[in-house]
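For reference, the structure is listed below as structure tokens.
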Amino acid sequence: PRTIEYPAVPLFYFLEENARKFPDKPCTIFKGAIVTFREMNEITDRVAGALAKMGIKKGDRVGLFMPNTPQFVMSYFGILKAGGVVVATNPLYTPPEIEHQVNDAGIEVMFVMSNFYKIIKTAQPKTKIKTLIVSNIKETLPPALRVLFTLAKEKKGGFRVSLEPGDIWFQDLLAKYKPEDRPAIKVGPDDTAIFQYSGGTTGISKGAIALHRNLIANGLQMQSWMTNLDPGNEIVLMAIPLFHVYGMVAGMLFAMLTGSSMVMVPNPRDLHDVLGNIQKYHPTIFPGVPTLYNALNNHPDVKSGKYSLSSVKACISG
């Protein structure tokens with residue numbers, strides 16, 4: 001189309017709409033565990049209520065230090081519903097890199113996966129971070145895998161940690177607050193949604209500002225290019241990092257705007273896991289980069305016919 005109509009709504013409007021139209025449809029799929037759109041909407045309401053009780057006000061910046069897991073989506077939309085600004089930081093960053101972005105953005109509360117807890121605690125003394133909300137990856141695993149994720153595996157992967165005073169477990173936060181605790185705060189299309197930092201390849205890392213309407217426009221523009229899109233019935237393979245703007249917009253937000261399910265892949269370099277997810281869940285949309293597509297196309301198990309990539313009808317390359 002030559003023009004598109006852009007609704008004057010906040011970004012989380014689309015999650016709420018998906019919860020209404022597709023309540024039992026998977027929003028995220030992770031290692032076989034499903035979080036439906038209804039559940040995701042309720043969880044993000046709880047997160048918003050918790051953040052409000054913690055003192056987060058409209059316009060406050062809240063950090064995310066997580067890989068591609070359901071907890072990233074839960075935290076992201078919970079922050080937006082509380083009126084906050086999402087600052088997603090690369091979990092591979094070193095303490096000095098973390099310190100710069102956290103201080104530049106003015107972050108006082110940060111969501112973090114437990115295996116990255118210690119690196120954030122290392123950086124914390126030189127920042128204004130007051131509270132870390134910590135999640136263990138096993139919290140969103142299916143029951144069988146949760147049992148297999150033994151104490152030894154937790155310790156080996158760095159997921160088993162003891163929280164210091166002032167920090168809180170994500171699951172405790174969800175148990176303490178209810179969806180009705182979500183603050184009655186007005187968030188509109190012209191409010192800031194994210195600070196997205198550049199990689200710093202041309203100098204010091206800089207934060208780019210995006211409003212709710214900017215991100216909605218990006219997603220709807222992408223949607224308009226896919227003439228064979230079937231809203232509500234697509235499955236997006238989320239194998240590129242959500243903490244980068246490309247994965248965030250071309251993957252997560254595109255999926256949210258189109259009512260698509262997201263198959264979460266924390267490590268795109270684990271080609272066996274990527275192929276296993278393709279084989280099991282038959283994704284139709286695959287945002288990625290040429291090196292990843294090339295590696296999969298030339299993988300011995302794909303060439304031999306063990307794995308089929310035929311379910312993918314669209315690749316979004318960046």
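Residues are named by chain letter and number: chains run A, B, ... in the order of the structure tokens, numbers start at 1 in each chain, and ligands are numbered from 1 in the order shown.
The list of residues with at least one atom within 9 Å of Phe116 in chain A, based on only C-alpha atoms and without residues fewer than 6 positions apart in the same chain, reads Phe65, Met66, Pro91, Leu92, Gly158 and Phe159 of chain A.
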>> Need to verify the contact set: Ile98 in chain A, 10 Å, only C-alpha atoms, exclusion of same-chain residues closer than 3 positions in sequence. Can you return it as a PyMOL selection string?
In response: chain A and resi 65+89-95+101-104+119-120+122-124+126-127
>> According to DSSP computed on the backbone, where in range 55-267 of chain A is there strand (DSSP E)? Give the residues as a ChimeraX atom specification.
In response: /A:61-65,85-88,109-113,131-135,168-169,192-197,207-211,235-238,261-264
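Closest approach to Lys31 in chain A among A:Pro70, A:Gly157, A:Gly166, A:Pro183: A:Pro70, based on only C-alpha atoms.
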> Skipping near chain neighbours, those fewer than 2 positions away, what residues fall within 6 Å of range 258-275 of chain A using only C-alpha atoms, listed as a list in words?
Replying inline: Asn18, Pro26, Cys27, Thr28, Ile29, Phe30, Pro67, Asn68, Thr69, Pro231, Gly232, Glu234, Ile235, Val236, Leu237, Met238, Ala239, Ala255, Met256, Asn277 and Ile278 of chain A
Generate a file of the selected residues that holds N, CA, C and O atoms, formatted as a compact mmCIF listing (two decimals), in the first residue's frame.
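Produced file again-v4.txt, reproduced below:
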# COMPACT_ATOMS: atom_id res chain seq x y z
N ASN A 18 -4.59 -9.39 21.36
CA ASN A 18 -4.34 -10.81 21.13
C ASN A 18 -4.93 -11.66 22.25
O ASN A 18 -5.43 -12.76 22.01
N PRO A 26 -0.70 -19.87 21.74
CA PRO A 26 0.61 -19.61 22.34
C PRO A 26 1.16 -18.24 21.96
O PRO A 26 1.18 -17.88 20.79
N CYS A 27 1.58 -17.49 22.97
CA CYS A 27 2.33 -16.26 22.73
C CYS A 27 3.80 -16.63 22.62
O CYS A 27 4.47 -16.23 21.67
N THR A 28 4.30 -17.40 23.60
CA THR A 28 5.68 -17.91 23.53
C THR A 28 5.68 -19.42 23.69
O THR A 28 4.84 -19.99 24.40
N ILE A 29 6.63 -20.05 23.02
CA ILE A 29 6.90 -21.48 23.15
C ILE A 29 8.37 -21.62 23.47
O ILE A 29 9.23 -21.13 22.73
N PHE A 30 8.67 -22.26 24.59
CA PHE A 30 10.06 -22.38 25.02
C PHE A 30 10.33 -23.79 25.52
O PHE A 30 9.81 -24.19 26.57
N PRO A 67 18.50 -13.16 27.76
CA PRO A 67 18.48 -13.71 26.40
C PRO A 67 17.03 -13.92 25.95
O PRO A 67 16.09 -13.50 26.63
N ASN A 68 16.86 -14.59 24.82
CA ASN A 68 15.52 -14.85 24.27
C ASN A 68 14.80 -15.92 25.08
O ASN A 68 14.95 -17.12 24.86
N THR A 69 14.00 -15.49 26.03
CA THR A 69 13.20 -16.37 26.87
C THR A 69 11.85 -15.71 27.08
O THR A 69 11.68 -14.51 26.83
N PRO A 231 -2.76 -13.47 9.75
CA PRO A 231 -2.73 -13.01 11.15
C PRO A 231 -3.40 -13.98 12.11
O PRO A 231 -4.49 -14.50 11.84
N GLY A 232 -2.71 -14.25 13.22
CA GLY A 232 -3.23 -15.17 14.21
C GLY A 232 -2.82 -16.61 13.99
O GLY A 232 -3.04 -17.46 14.87
N GLU A 234 0.42 -17.42 12.28
CA GLU A 234 1.83 -17.53 11.94
C GLU A 234 2.65 -17.92 13.18
O GLU A 234 2.24 -17.67 14.32
N ILE A 235 3.79 -18.52 12.92
CA ILE A 235 4.73 -18.89 14.00
C ILE A 235 6.09 -18.30 13.66
O ILE A 235 6.65 -18.58 12.59
N VAL A 236 6.60 -17.47 14.55
CA VAL A 236 7.87 -16.78 14.32
C VAL A 236 8.97 -17.48 15.10
O VAL A 236 8.85 -17.70 16.30
N LEU A 237 10.04 -17.84 14.40
CA LEU A 237 11.21 -18.44 15.05
C LEU A 237 12.09 -17.31 15.58
O LEU A 237 12.69 -16.56 14.82
N MET A 238 12.16 -17.17 16.91
CA MET A 238 12.91 -16.09 17.53
C MET A 238 14.31 -16.56 17.89
O MET A 238 14.61 -16.89 19.02
N ALA A 239 15.18 -16.58 16.86
CA ALA A 239 16.55 -17.05 17.05
C ALA A 239 17.56 -15.92 16.95
O ALA A 239 18.77 -16.16 16.99
N ALA A 255 5.67 -10.13 15.72
CA ALA A 255 4.82 -11.23 16.17
C ALA A 255 3.64 -10.70 16.98
O ALA A 255 2.50 -11.15 16.82
N MET A 256 3.90 -9.74 17.85
CA MET A 256 2.83 -9.21 18.71
C MET A 256 1.80 -8.45 17.88
O MET A 256 0.60 -8.52 18.16
N ASN A 277 13.87 -26.92 16.81
CA ASN A 277 12.68 -26.09 16.94
C ASN A 277 11.94 -25.95 15.61
O ASN A 277 10.70 -25.94 15.58
N ILE A 278 12.69 -25.84 14.52
CA ILE A 278 12.06 -25.77 13.20
C ILE A 278 11.31 -27.07 12.91
O ILE A 278 10.16 -27.07 12.45
>> Set the distance at 8 Å and use only C-alpha atoms: which residues neighbour Thr131 in chain A once local chain neighbours fewer than 5 positions away are removed? I'd like the list as a list in words.
In response: Glu108, Val109, Met110, Gly166, Asp167 and Ile168 of chain A
